[in-house]
>>> print(open('my_file.txt').read())   # compact mmCIF, C-alpha atoms and all ligand atoms
# COMPACT_ATOMS: atom_id res chain seq x y z
CA MET A 1 125.39 -133.64 -208.47
CA ASP A 2 128.84 -135.11 -207.87
CA LEU A 3 130.18 -135.16 -204.35
CA SER A 4 133.81 -135.58 -203.42
CA LYS A 5 135.05 -138.99 -202.28
CA LYS A 6 135.73 -137.39 -198.92
CA ALA A 7 132.19 -136.09 -198.54
CA LYS A 8 130.75 -139.44 -199.53
CA GLN A 9 132.56 -141.35 -196.79
CA ILE A 10 131.32 -139.11 -193.99
CA SER A 11 128.36 -140.61 -192.12
CA PRO A 12 125.50 -138.44 -190.96
CA SER A 13 125.18 -138.12 -187.19
CA GLN A 14 123.05 -140.99 -185.88
CA THR A 15 122.13 -138.90 -182.89
CA LEU A 16 120.40 -136.25 -184.98
CA ALA A 17 117.45 -138.46 -185.92
CA ILE A 18 116.65 -139.07 -182.24
CA THR A 19 117.02 -135.39 -181.33
CA ALA A 20 114.77 -134.36 -184.22
CA LYS A 21 112.20 -136.99 -183.22
CA ALA A 22 112.23 -135.80 -179.59
CA LYS A 23 111.57 -132.22 -180.75
CA GLU A 24 108.77 -133.32 -183.05
CA LEU A 25 107.00 -135.33 -180.32
CA LYS A 26 107.45 -132.52 -177.78
CA SER A 27 105.90 -130.02 -180.19
CA LYS A 28 102.90 -132.36 -180.46
CA GLY A 29 102.49 -131.98 -176.71
CA LEU A 30 103.97 -135.33 -175.63
CA ASP A 31 105.85 -135.38 -172.34
CA VAL A 32 109.19 -136.57 -173.75
CA VAL A 33 112.13 -136.82 -171.33
CA SER A 34 115.46 -136.29 -173.06
CA PHE A 35 118.60 -138.07 -171.92
CA GLY A 36 120.39 -137.15 -175.12
CA ALA A 37 122.29 -134.11 -173.87
CA GLY A 38 126.01 -133.98 -174.57
CA GLU A 39 126.46 -130.82 -172.52
CA PRO A 40 126.04 -129.71 -168.90
CA ASP A 41 122.53 -128.43 -168.09
CA PHE A 42 123.97 -125.73 -165.79
CA ASP A 43 124.25 -122.10 -166.85
CA THR A 44 127.65 -120.54 -167.59
CA PRO A 45 128.83 -119.00 -164.26
CA ASP A 46 128.12 -115.26 -163.88
CA HIS A 47 131.72 -114.07 -163.53
CA ILE A 48 132.45 -115.62 -166.95
CA LYS A 49 129.47 -113.92 -168.58
CA GLU A 50 130.52 -110.63 -167.01
CA ALA A 51 134.00 -110.92 -168.50
CA ALA A 52 132.39 -111.30 -171.93
CA ILE A 53 130.11 -108.30 -171.42
CA LYS A 54 133.11 -106.27 -170.30
CA ALA A 55 135.00 -107.34 -173.43
CA ILE A 56 132.14 -106.13 -175.62
CA ASN A 57 131.82 -102.83 -173.76
CA GLU A 58 135.56 -102.24 -174.03
CA GLY A 59 135.48 -102.82 -177.76
CA PHE A 60 137.40 -106.10 -177.70
CA THR A 61 135.48 -107.03 -180.82
CA LYS A 62 138.10 -107.22 -183.56
CA TYR A 63 140.41 -109.88 -184.97
CA THR A 64 142.89 -111.24 -182.49
CA PRO A 65 146.03 -113.17 -183.46
CA ALA A 66 144.77 -116.21 -185.40
CA SER A 67 146.11 -118.66 -182.80
CA GLY A 68 144.48 -116.82 -179.88
CA ILE A 69 145.49 -114.08 -177.45
CA ASN A 70 148.69 -114.49 -175.44
CA GLU A 71 146.90 -113.87 -172.14
CA LEU A 72 144.67 -116.88 -172.71
CA LYS A 73 147.58 -119.05 -173.90
CA GLN A 74 149.46 -118.05 -170.74
CA ALA A 75 146.41 -118.94 -168.62
CA VAL A 76 146.35 -122.36 -170.30
CA CYS A 77 150.07 -122.81 -169.50
CA ASN A 78 149.49 -121.79 -165.88
CA LYS A 79 146.56 -124.17 -165.56
CA LEU A 80 148.60 -127.05 -167.00
CA LYS A 81 151.49 -126.25 -164.67
CA VAL A 82 149.46 -125.90 -161.47
CA GLU A 83 146.83 -128.58 -162.03
CA ASN A 84 148.63 -131.12 -164.18
CA GLY A 85 152.29 -130.52 -163.38
CA LEU A 86 153.02 -129.92 -167.08
CA ASP A 87 155.45 -127.30 -168.38
CA TYR A 88 154.51 -125.67 -171.67
CA ASN A 89 155.25 -122.22 -173.07
CA ILE A 90 152.82 -120.14 -175.10
CA ASP A 91 154.41 -121.21 -178.42
CA GLN A 92 153.09 -124.66 -177.62
CA VAL A 93 149.44 -123.56 -177.29
CA LEU A 94 146.78 -123.07 -179.96
CA ILE A 95 143.36 -121.68 -179.02
CA SER A 96 140.61 -122.92 -181.36
CA ASN A 97 136.86 -122.84 -181.88
CA GLY A 98 136.18 -125.68 -179.47
CA ALA A 99 138.06 -128.90 -178.75
CA LYS A 100 136.49 -130.44 -181.83
CA HIS A 101 138.23 -127.82 -183.94
CA SER A 102 141.48 -128.50 -182.07
CA LEU A 103 141.14 -132.15 -183.10
CA PHE A 104 140.57 -131.16 -186.74
CA ASN A 105 143.65 -128.96 -186.75
CA THR A 106 145.66 -131.77 -185.19
CA PHE A 107 144.79 -134.42 -187.77
CA LEU A 108 145.12 -131.99 -190.67
CA ALA A 109 148.62 -131.19 -189.42
CA ILE A 110 149.91 -134.74 -188.84
CA LEU A 111 148.21 -137.10 -191.31
CA GLU A 112 149.33 -138.07 -194.79
CA GLU A 113 146.68 -139.56 -197.08
CA GLY A 114 146.15 -143.18 -195.97
CA ASP A 115 147.80 -142.84 -192.56
CA GLU A 116 146.14 -144.94 -189.88
CA VAL A 117 144.81 -143.71 -186.56
CA ILE A 118 143.92 -146.19 -183.83
CA ILE A 119 140.60 -145.41 -182.17
CA PRO A 120 139.35 -147.35 -179.13
CA VAL A 121 135.71 -148.47 -179.41
CA PRO A 122 133.32 -147.27 -177.97
CA TYR A 123 134.48 -143.90 -179.32
CA TRP A 124 133.22 -140.35 -179.31
CA VAL A 125 131.10 -140.01 -182.49
CA SER A 126 133.28 -137.49 -184.27
CA TYR A 127 136.71 -139.19 -184.07
CA PRO A 128 136.37 -141.51 -187.10
CA GLU A 129 134.82 -138.76 -189.21
CA ILE A 130 137.49 -136.19 -188.31
CA VAL A 131 140.24 -138.70 -189.16
CA LYS A 132 138.57 -139.48 -192.51
CA ILE A 133 138.14 -135.82 -193.44
CA ALA A 134 141.85 -135.33 -192.77
CA GLY A 135 142.66 -138.18 -195.20
CA GLY A 136 143.34 -140.79 -192.53
CA VAL A 137 141.99 -144.28 -191.99
CA PRO A 138 140.39 -145.15 -188.64
CA ILE A 139 141.57 -148.48 -187.22
CA TYR A 140 139.60 -149.81 -184.28
CA THR A 141 140.62 -151.52 -181.07
CA TYR A 142 137.56 -152.94 -179.33
CA LEU A 143 137.13 -152.58 -175.58
CA VAL A 144 134.81 -154.83 -173.64
CA GLU A 145 132.74 -154.10 -170.58
CA ASP A 146 133.77 -157.34 -168.85
CA ASP A 147 137.22 -155.83 -168.87
CA ASN A 148 135.82 -152.50 -167.61
CA PHE A 149 136.31 -150.99 -171.08
CA LYS A 150 140.05 -150.98 -170.43
CA LEU A 151 142.41 -150.58 -173.34
CA ASN A 152 143.78 -154.00 -174.25
CA VAL A 153 147.47 -153.43 -174.85
CA ASP A 154 147.96 -156.66 -176.84
CA ASP A 155 145.10 -155.82 -179.16
CA LEU A 156 146.37 -152.27 -179.51
CA GLN A 157 149.81 -153.58 -180.43
CA SER A 158 148.32 -155.97 -182.99
CA LYS A 159 146.66 -153.06 -184.81
CA ILE A 160 149.91 -151.20 -185.44
CA THR A 161 151.25 -151.22 -189.01
CA ASP A 162 153.87 -149.14 -190.80
CA LYS A 163 151.03 -146.74 -191.66
CA THR A 164 149.98 -146.10 -188.06
CA LYS A 165 150.44 -142.45 -187.13
CA ALA A 166 148.51 -141.89 -183.93
CA ILE A 167 146.39 -143.30 -181.11
CA ILE A 168 143.41 -141.40 -179.73
CA LEU A 169 142.87 -141.47 -175.98
CA ASN A 170 139.82 -139.98 -174.26
CA PHE A 171 139.74 -140.16 -170.47
CA PRO A 172 137.42 -139.61 -168.66
CA ASN A 173 135.60 -141.23 -171.55
CA ASN A 174 132.53 -140.29 -173.52
CA PRO A 175 130.46 -142.53 -173.69
CA THR A 176 131.65 -145.13 -171.11
CA GLY A 177 132.61 -142.80 -168.23
CA ASN A 178 135.76 -144.87 -167.80
CA ILE A 179 139.02 -143.41 -166.51
CA ILE A 180 142.57 -144.76 -166.88
CA THR A 181 145.33 -145.70 -164.45
CA LYS A 182 148.97 -144.72 -164.50
CA GLU A 183 149.99 -148.33 -165.23
CA GLU A 184 147.77 -148.49 -168.30
CA LEU A 185 148.99 -145.11 -169.53
CA THR A 186 152.59 -146.23 -169.04
CA ALA A 187 152.03 -149.31 -171.20
CA ILE A 188 150.41 -147.22 -173.95
CA ALA A 189 153.22 -144.64 -173.79
CA GLU A 190 155.79 -147.40 -174.28
CA ILE A 191 154.01 -148.67 -177.38
CA ALA A 192 153.70 -145.14 -178.76
CA LEU A 193 157.41 -144.44 -178.29
CA GLU A 194 158.53 -147.81 -179.67
CA ASN A 195 156.53 -147.16 -182.82
CA ASN A 196 157.05 -143.41 -183.04
CA LEU A 197 153.33 -142.65 -182.79
CA TYR A 198 151.50 -139.53 -181.70
CA ILE A 199 149.09 -139.70 -178.81
CA ILE A 200 146.07 -137.49 -179.25
CA SER A 201 144.78 -137.10 -175.72
CA ASP A 202 141.28 -135.64 -175.47
CA GLU A 203 140.98 -134.54 -171.85
CA ILE A 204 137.82 -132.46 -172.13
CA TYR A 205 136.15 -134.27 -169.16
CA GLU A 206 139.24 -133.93 -166.95
CA LYS A 207 137.36 -132.14 -164.16
CA ILE A 208 134.21 -134.23 -164.33
CA ILE A 209 135.54 -137.13 -162.31
CA TYR A 210 134.12 -138.81 -159.18
CA ASP A 211 134.79 -140.73 -156.00
CA GLY A 212 138.05 -138.97 -155.21
CA ASN A 213 139.70 -140.04 -158.46
CA LYS A 214 142.21 -137.67 -160.03
CA HIS A 215 142.77 -137.22 -163.74
CA LEU A 216 146.22 -138.09 -165.03
CA SER A 217 147.47 -136.98 -168.43
CA ILE A 218 149.75 -139.29 -170.41
CA ALA A 219 151.94 -136.23 -171.09
CA THR A 220 153.04 -136.27 -167.44
CA LEU A 221 154.86 -139.60 -167.86
CA GLY A 222 158.08 -138.10 -169.21
CA GLU A 223 159.56 -135.59 -171.62
CA GLU A 224 159.67 -138.02 -174.54
CA ILE A 225 156.01 -139.05 -174.41
CA LYS A 226 155.03 -135.43 -173.70
CA ASP A 227 156.69 -134.47 -176.99
CA HIS A 228 154.66 -137.16 -178.79
CA THR A 229 151.38 -136.06 -177.19
CA ILE A 230 148.97 -133.48 -178.45
CA LEU A 231 146.79 -132.70 -175.47
CA ILE A 232 143.30 -131.44 -176.25
CA ASN A 233 141.10 -129.67 -173.73
CA GLY A 234 138.69 -126.75 -173.54
CA VAL A 235 136.14 -124.89 -171.47
CA SER A 236 132.93 -126.42 -172.90
CA LYS A 237 132.28 -129.15 -170.36
CA THR A 238 134.06 -127.86 -167.25
CA TYR A 239 132.46 -124.40 -167.29
CA SER A 240 129.16 -125.13 -169.07
CA MET A 241 130.43 -123.12 -172.04
CA THR A 242 129.53 -125.39 -174.98
CA GLY A 243 128.08 -122.53 -177.01
CA TRP A 244 131.05 -120.22 -176.59
CA ARG A 245 133.34 -122.46 -178.69
CA ILE A 246 136.75 -122.30 -177.07
CA GLY A 247 139.09 -125.27 -176.94
CA TYR A 248 142.83 -125.64 -177.05
CA ALA A 249 145.64 -127.93 -178.10
CA VAL A 250 149.12 -128.06 -176.58
CA GLY A 251 152.14 -129.98 -177.79
CA ASN A 252 155.38 -129.84 -179.73
CA SER A 253 155.83 -126.27 -180.97
CA ASN A 254 156.43 -127.33 -184.62
CA ILE A 255 153.11 -129.15 -184.74
CA ILE A 256 151.30 -126.31 -182.97
CA LYS A 257 152.82 -123.87 -185.49
CA ALA A 258 151.55 -125.95 -188.41
CA MET A 259 148.13 -126.23 -186.80
CA SER A 260 148.08 -122.45 -186.26
CA SER A 261 148.83 -121.87 -189.94
CA ILE A 262 145.98 -124.16 -190.94
CA GLN A 263 143.65 -122.34 -188.56
CA SER A 264 144.80 -118.94 -189.85
CA HIS A 265 143.43 -119.88 -193.31
CA THR A 266 140.23 -121.56 -192.19
CA THR A 267 138.59 -119.74 -189.29
CA SER A 268 141.17 -117.11 -188.27
CA ASN A 269 140.98 -116.41 -184.55
CA PRO A 270 138.39 -117.94 -182.24
CA ASN A 271 135.76 -115.41 -181.13
CA SER A 272 137.50 -112.52 -179.33
CA ILE A 273 134.79 -112.14 -176.68
CA ALA A 274 134.68 -115.86 -175.95
CA GLN A 275 138.46 -115.83 -175.50
CA LYS A 276 138.07 -113.22 -172.73
CA ALA A 277 135.31 -115.33 -171.19
CA ALA A 278 137.53 -118.43 -171.32
CA LEU A 279 140.31 -116.44 -169.65
CA ALA A 280 137.92 -115.58 -166.80
CA ALA A 281 136.89 -119.24 -166.61
CA LEU A 282 140.46 -120.52 -166.28
CA THR A 283 141.70 -117.82 -163.90
CA GLY A 284 138.55 -117.20 -161.82
CA ASN A 285 136.84 -118.91 -158.93
CA GLN A 286 136.46 -122.69 -159.48
CA ASN A 287 133.72 -123.26 -156.85
CA GLN A 288 130.98 -123.79 -159.37
CA VAL A 289 132.90 -126.61 -161.02
CA ASP A 290 132.99 -128.46 -157.70
CA LEU A 291 129.29 -127.87 -157.11
CA MET A 292 128.44 -129.14 -160.59
CA VAL A 293 130.52 -132.29 -160.16
CA LYS A 294 128.88 -133.00 -156.77
CA GLU A 295 125.45 -132.69 -158.35
CA PHE A 296 126.46 -134.94 -161.26
CA ALA A 297 127.66 -137.56 -158.77
CA ARG A 298 124.32 -137.51 -156.95
CA ARG A 299 122.43 -138.00 -160.20
CA ARG A 300 124.79 -140.71 -161.36
CA ASP A 301 124.28 -142.69 -158.16
CA HIS A 302 120.54 -142.49 -158.53
CA MET A 303 120.62 -143.48 -162.19
CA VAL A 304 123.00 -146.42 -161.81
CA LYS A 305 121.02 -147.88 -158.91
CA LYS A 306 117.69 -147.57 -160.66
CA ILE A 307 118.95 -149.04 -163.95
CA ASN A 308 120.51 -152.04 -162.27
CA ASN A 309 117.20 -152.69 -160.50
CA MET A 310 115.43 -153.01 -163.85
CA GLN A 311 115.10 -156.16 -165.94
CA GLY A 312 117.03 -156.56 -169.19
CA ILE A 313 119.28 -153.51 -168.80
CA LYS A 314 122.46 -153.07 -166.79
CA CYS A 315 125.37 -150.69 -166.44
CA ASN A 316 128.70 -150.11 -164.74
CA LYS A 317 129.14 -147.14 -162.46
CA PRO A 318 130.88 -144.46 -164.53
CA LEU A 319 133.84 -142.77 -162.84
CA GLY A 320 133.84 -139.65 -165.00
CA ALA A 321 131.94 -137.55 -167.59
CA PHE A 322 128.12 -137.44 -167.33
CA TYR A 323 126.84 -140.50 -169.16
CA VAL A 324 125.70 -143.97 -168.21
CA PHE A 325 126.49 -146.52 -170.91
CA ALA A 326 123.91 -149.25 -170.42
CA ASP A 327 123.87 -152.72 -171.97
CA ILE A 328 120.47 -153.47 -173.53
CA SER A 329 121.45 -156.52 -175.58
CA GLN A 330 119.29 -158.82 -173.42
CA LEU A 331 116.27 -157.01 -174.85
CA PHE A 332 117.17 -157.72 -178.48
CA GLY A 333 114.61 -160.08 -180.00
CA THR A 334 111.71 -158.60 -178.01
CA SER A 335 109.01 -156.48 -179.64
CA ILE A 336 106.44 -153.81 -178.92
CA ASP A 337 103.23 -153.41 -180.94
CA ASN A 338 104.65 -155.99 -183.37
CA GLN A 339 107.71 -153.84 -183.92
CA GLU A 340 110.79 -155.99 -183.34
CA ILE A 341 113.86 -154.65 -181.58
CA THR A 342 117.11 -156.15 -182.88
CA ASN A 343 119.64 -153.36 -182.36
CA SER A 344 120.29 -150.13 -180.46
CA ILE A 345 118.84 -147.88 -183.15
CA GLU A 346 115.54 -149.80 -183.20
CA PHE A 347 115.50 -149.78 -179.40
CA CYS A 348 115.93 -146.00 -179.28
CA LYS A 349 113.31 -145.43 -181.96
CA ALA A 350 110.77 -147.57 -180.11
CA LEU A 351 111.70 -146.04 -176.74
CA ILE A 352 111.05 -142.54 -177.92
CA GLU A 353 107.86 -143.37 -179.81
CA LYS A 354 106.27 -145.73 -177.27
CA GLY A 355 108.07 -144.72 -174.08
CA GLU A 356 108.57 -140.97 -174.54
CA VAL A 357 112.25 -141.06 -173.61
CA ALA A 358 115.16 -140.01 -175.82
CA VAL A 359 118.54 -141.75 -175.43
CA ILE A 360 121.44 -142.16 -177.87
CA PRO A 361 121.95 -145.56 -179.57
CA GLY A 362 125.27 -147.24 -178.86
CA ALA A 363 125.70 -147.73 -182.61
CA ALA A 364 126.66 -144.04 -182.79
CA PHE A 365 129.71 -144.93 -180.67
CA GLY A 366 130.47 -148.17 -182.48
CA ALA A 367 128.92 -150.31 -179.70
CA ASP A 368 125.51 -151.57 -180.76
CA ASN A 369 124.71 -153.47 -177.54
CA TYR A 370 124.41 -150.22 -175.61
CA ILE A 371 122.53 -146.98 -175.14
CA ARG A 372 124.01 -143.76 -173.77
CA ILE A 373 121.90 -142.07 -171.11
CA SER A 374 123.03 -138.57 -170.16
CA TYR A 375 122.56 -137.37 -166.59
CA ALA A 376 123.16 -133.75 -167.55
CA THR A 377 119.54 -133.08 -166.66
CA SER A 378 117.70 -132.49 -163.37
CA LEU A 379 117.20 -135.27 -160.83
CA GLU A 380 113.47 -134.72 -161.23
CA ASN A 381 113.76 -135.47 -164.97
CA ILE A 382 115.98 -138.44 -164.24
CA ILE A 383 113.42 -139.96 -161.88
CA LYS A 384 110.59 -139.37 -164.33
CA GLY A 385 112.52 -140.60 -167.38
CA LEU A 386 113.80 -143.77 -165.72
CA ASP A 387 110.26 -144.63 -164.58
CA LYS A 388 109.18 -144.27 -168.20
CA ILE A 389 112.03 -146.52 -169.38
CA GLU A 390 111.01 -149.14 -166.81
CA ILE A 391 107.39 -149.10 -168.01
CA PHE A 392 108.58 -149.33 -171.62
CA ILE A 393 110.80 -152.33 -170.89
CA ASN A 394 108.03 -154.07 -168.93
CA ASN A 395 105.79 -153.69 -171.98
CA LEU A 396 108.25 -155.47 -174.27
CA LYS A 397 107.16 -158.95 -175.33
C1 LIG B 1 132.04 -132.46 -176.06
C2 LIG B 1 133.25 -133.20 -176.51
C3 LIG B 1 134.24 -132.57 -177.28
C4 LIG B 1 134.05 -131.25 -177.95
O1 LIG B 1 134.10 -130.17 -177.17
P1 LIG B 1 134.00 -128.69 -177.80
O2 LIG B 1 135.06 -127.96 -177.07
O3 LIG B 1 132.63 -128.21 -177.43
O4 LIG B 1 134.23 -128.76 -179.26
C5 LIG B 1 135.41 -133.27 -177.57
N1 LIG B 1 135.58 -134.53 -177.15
C6 LIG B 1 134.64 -135.17 -176.44
C7 LIG B 1 134.89 -136.57 -176.02
C8 LIG B 1 133.43 -134.54 -176.12
O5 LIG B 1 132.47 -135.21 -175.46
>>> encode(input="my_file.txt", output="structure tokens")
Amino acid sequence: MDLSKKAKQISPSQTLAITAKAKELKSKGLDVVSFGAGEPDFDTPDHIKEAAIKAINEGFTKYTPASGINELKQAVCNKLKVENGLDYNIDQVLISNGAKHSLFNTFLAILEEGDEVIIPVPYWVSYPEIVKIAGGVPIYTYLVEDDNFKLNVDDLQSKITDKTKAIILNFPNNPTGNIITKEELTAIAEIALENNLYIISDEIYEKIIYDGNKHLSIATLGEEIKDHTILINGVSKTYSMTGWRIGYAVGNSNIIKAMSSIQSHTTSNPNSIAQKAALAALTGNQNQVDLMVKEFARRRDHMVKKINNMQGIKCNKPLGAFYVFADISQLFGTSIDNQEITNSIEFCKALIEKGEVAVIPGAAFGADNYIRISYATSLENIIKGLDKIEIFINNLK
């Protein structure tokens, strides 16, 4: 069976093998602790669920405009105005089936075959694949932990060619938990404007930020850079709504119009009921977001302290999102039951089989010296799982 060139260059998700293994071992009765989660463990708040139930009961169950309902677009504009100080009108908003879909629409709308997109490494797993599906070529700029995973402006500059079309930014970052300062954003904005590049700014973890830090969008740095930015956000992470599938993109109205046309022929409108739920999320009480973030911070503190007290593994304190990105490279070359560990995938395989803990290998994010440990699980699980990791590491020879 012949597959398209496009299909052939898409890698399977490296996280799926671990998730499948965790399920298999659990079903055999093993007490596996999973730190794989890429979503909040909290329930969707009640007032949001109620808005969805109301929508169903009122018969709001038909097609909506393909780009989303105006009420929700207006709520997005209001949110951006009040919380981010950004002025957009509803012609500059596209509601999609999750932020991932917003990213797809974006790259399908802006990339010519062979156009290059600069992606900082470590990256969120789907960026390179989305760029490739849209005909683009991912170009990587490597960030190092010694430099706090900060974007290196000189390296970024050196990656720009006459084919470069866009730079992806993701702050707070999945997987590193890093955030970005105004000075750094200013330097990136200058490069983008000098070279006429788009900035694709994935701000899905905007609200999950700690220690009094505030999220800053690159689009706030001036009208010109705002016009070059496609800002991506959604309700999945902030409101524990991953399954509802609502995300949005805002930007230059011509691009948004093109993206809307693409969406109108692929998925049509995002789920009508979920749009009403997202409207309730954006316009309703925000208390539960604050409570969730406080709880995440408590878990993070526990996790970071415990990990840095262990041998052979270390991590920075993440300032946002809900992952610890821990360096395990000191453990490469060790073995367990004659099974050698030489990379993050082998480490994760051994950890789940011999240690009963599931984590995501850094290789999935382009950073093989690391593992991603999610703290979107109860403190009780965190304590238990970290004890298991410690025992596993102590058993390595
Ligand atoms: C979870 C996640 C998304 C996707 O969010 P959806 O709205 O659920 O599609 C996008 N970007 C990053 C970095 C994420 O972690």
>>> residues_around(input="my_file.txt", residues="Lys159 in chain A", least_positions_apart="2", cutoff="9 Å", atoms="all atoms listed in the file", output="number ranges by chain")
A: 118, 139-141, 154-157, 161, 164
>>> atom_distance(input="my_file.txt", atom1="CA of Gly212 in chain A", atom2="CA of Glu190 in chain A")
27.4 Å
>>> residues_around(input="my_file.txt", residues="range 35-45 of chain A", least_positions_apart="3", cutoff="7 Å", atoms="all atoms listed in the file", output="PyMOL selection string")
chain A and resi 48-49+237+239-242+358-360+373-377
>>> atom_distance(input="my_file.txt", atom1="CA of Ile256 in chain A", atom2="CA of Val137 in chain A")
22.2 Å
>>> closest_atom_pairs(input="my_file.txt", of="chain A", to="ligand LIG 1 (chain B)", cutoff="8 Å", atoms="only C-alpha atoms and all ligand atoms", output="CSV")
residue,atom,partner,partner_atom,distance
A:Gly38,CA,B:LIG1,C1,6.4
A:Glu39,CA,B:LIG1,C1,6.8
A:Asn97,CA,B:LIG1,O4,7.0
A:Gly98,CA,B:LIG1,O2,3.5
A:Ala99,CA,B:LIG1,O2,3.6
A:Lys100,CA,B:LIG1,O4,3.8
A:His101,CA,B:LIG1,O4,6.2
A:Ser102,CA,B:LIG1,O4,7.8
A:Trp124,CA,B:LIG1,C7,5.3
A:Asn170,CA,B:LIG1,C7,6.2
A:Asn173,CA,B:LIG1,C7,6.5
A:Asn174,CA,B:LIG1,C7,5.1
A:Pro175,CA,B:LIG1,C7,7.8
A:Asp202,CA,B:LIG1,N1,6.0
A:Glu203,CA,B:LIG1,N1,7.6
A:Ile204,CA,B:LIG1,N1,5.9
A:Tyr205,CA,B:LIG1,C7,7.3
A:Asn233,CA,B:LIG1,O2,7.1
A:Gly234,CA,B:LIG1,O2,5.2
A:Val235,CA,B:LIG1,O2,6.5
A:Ser236,CA,B:LIG1,O3,4.9
A:Lys237,CA,B:LIG1,C1,6.6
A:Met241,CA,B:LIG1,O3,7.7
A:Thr242,CA,B:LIG1,O3,4.9
A:Gly243,CA,B:LIG1,O3,7.3
A:Arg245,CA,B:LIG1,O3,5.9
A:Ile246,CA,B:LIG1,O2,5.9
A:Gly247,CA,B:LIG1,O2,4.8
>>> atom_distance(input="my_file.txt", atom1="CA of Ile110 in chain A", atom2="CA of Tyr248 in chain A")
16.5 Å
>>> closest_residue(input="my_file.txt", among="A:Lys182, A:Lys257, A:Lys349, A:Lys207", to="Ala22 in chain A", atoms="all atoms listed in the file")
A:Lys349
>>> residues_around(input="my_file.txt", residues="range 268-271 of chain A", least_positions_apart="2", cutoff="12 Å", atoms="all atoms listed in the file", output="PyMOL selection string")
chain A and resi 52+55-56+60-69+72+94-99+101-102+243-248+259-266+273-278
>>> closest_residue(input="my_file.txt", among="A:Gln74, A:Thr19, A:Asn213, A:Thr267", to="Asp91 in chain A", atoms="all atoms listed in the file")
A:Gln74
>>> closest_residue(input="my_file.txt", among="A:Glu206, A:Glu184, A:Asp327, A:Glu112", to="Arg372 in chain A", atoms="all atoms listed in the file")
A:Asp327
>>> residues_around(input="my_file.txt", residues="Gly114 in chain A", least_positions_apart="5", cutoff="9 Å", atoms="only C-alpha atoms", output="list of chain:residue names")
A:Gly135, A:Gly136, A:Val137, A:Lys163
>>> closest_residue(input="my_file.txt", among="A:Asn395, A:Thr181, A:Thr186, A:Ser34", to="Asn338 in chain A", atoms="only C-alpha atoms")
A:Asn395
>>> closest_residue(input="my_file.txt", among="A:His228, A:Gln288, A:Val357, A:Ile18", to="Ile188 in chain A", atoms="all atoms listed in the file")
A:His228
>>> residues_around(input="my_file.txt", residues="Cys315 in chain A", least_positions_apart="3", cutoff="7 Å", atoms="all atoms listed in the file", output="list in words")
Val304, Asn308, Val324, Phe325, Ala326 and Asp327 of chain A
>>> closest_residue(input="my_file.txt", among="A:Ile371, A:Leu111, A:Ala258, A:Val144", to="Ser344 in chain A", atoms="all atoms listed in the file")
A:Ile371
>>> axis_aligned_box(input="my_file.txt", around="range 116-122 of chain A", padding_each_side="6 Å", output="AutoDock Vina command-line options")
--center_x 139.7 --center_y -146.1 --center_z -183.9 --size_x 24.8 --size_y 16.8 --size_z 23.9
>>> closest_atom_pairs(input="my_file.txt", of="range 186-226 of chain A", to="range 294-300 of chain A", cutoff="9 Å", atoms="only C-alpha atoms", output="CSV")
residue,atom,partner,partner_atom,distance
A:Ile208,CA,A:Phe296,CA,8.4
A:Ile209,CA,A:Ala297,CA,8.6
A:Tyr210,CA,A:Ala297,CA,6.6
A:Asp211,CA,A:Ala297,CA,8.3
>>> residues_near_point(input="my_file.txt", point="(114.3, -160.6, -175.3)", cutoff="12 Å", atoms="only C-alpha atoms", output="list of chain:residue names")
A:Gln311, A:Gly312, A:Ile313, A:Ile328, A:Ser329, A:Gln330, A:Leu331, A:Phe332, A:Gly333, A:Thr334, A:Ser335, A:Ile336, A:Glu340, A:Ile341, A:Thr342, A:Asn343, A:Phe347, A:Ile393, A:Asn394, A:Asn395, A:Leu396, A:Lys397
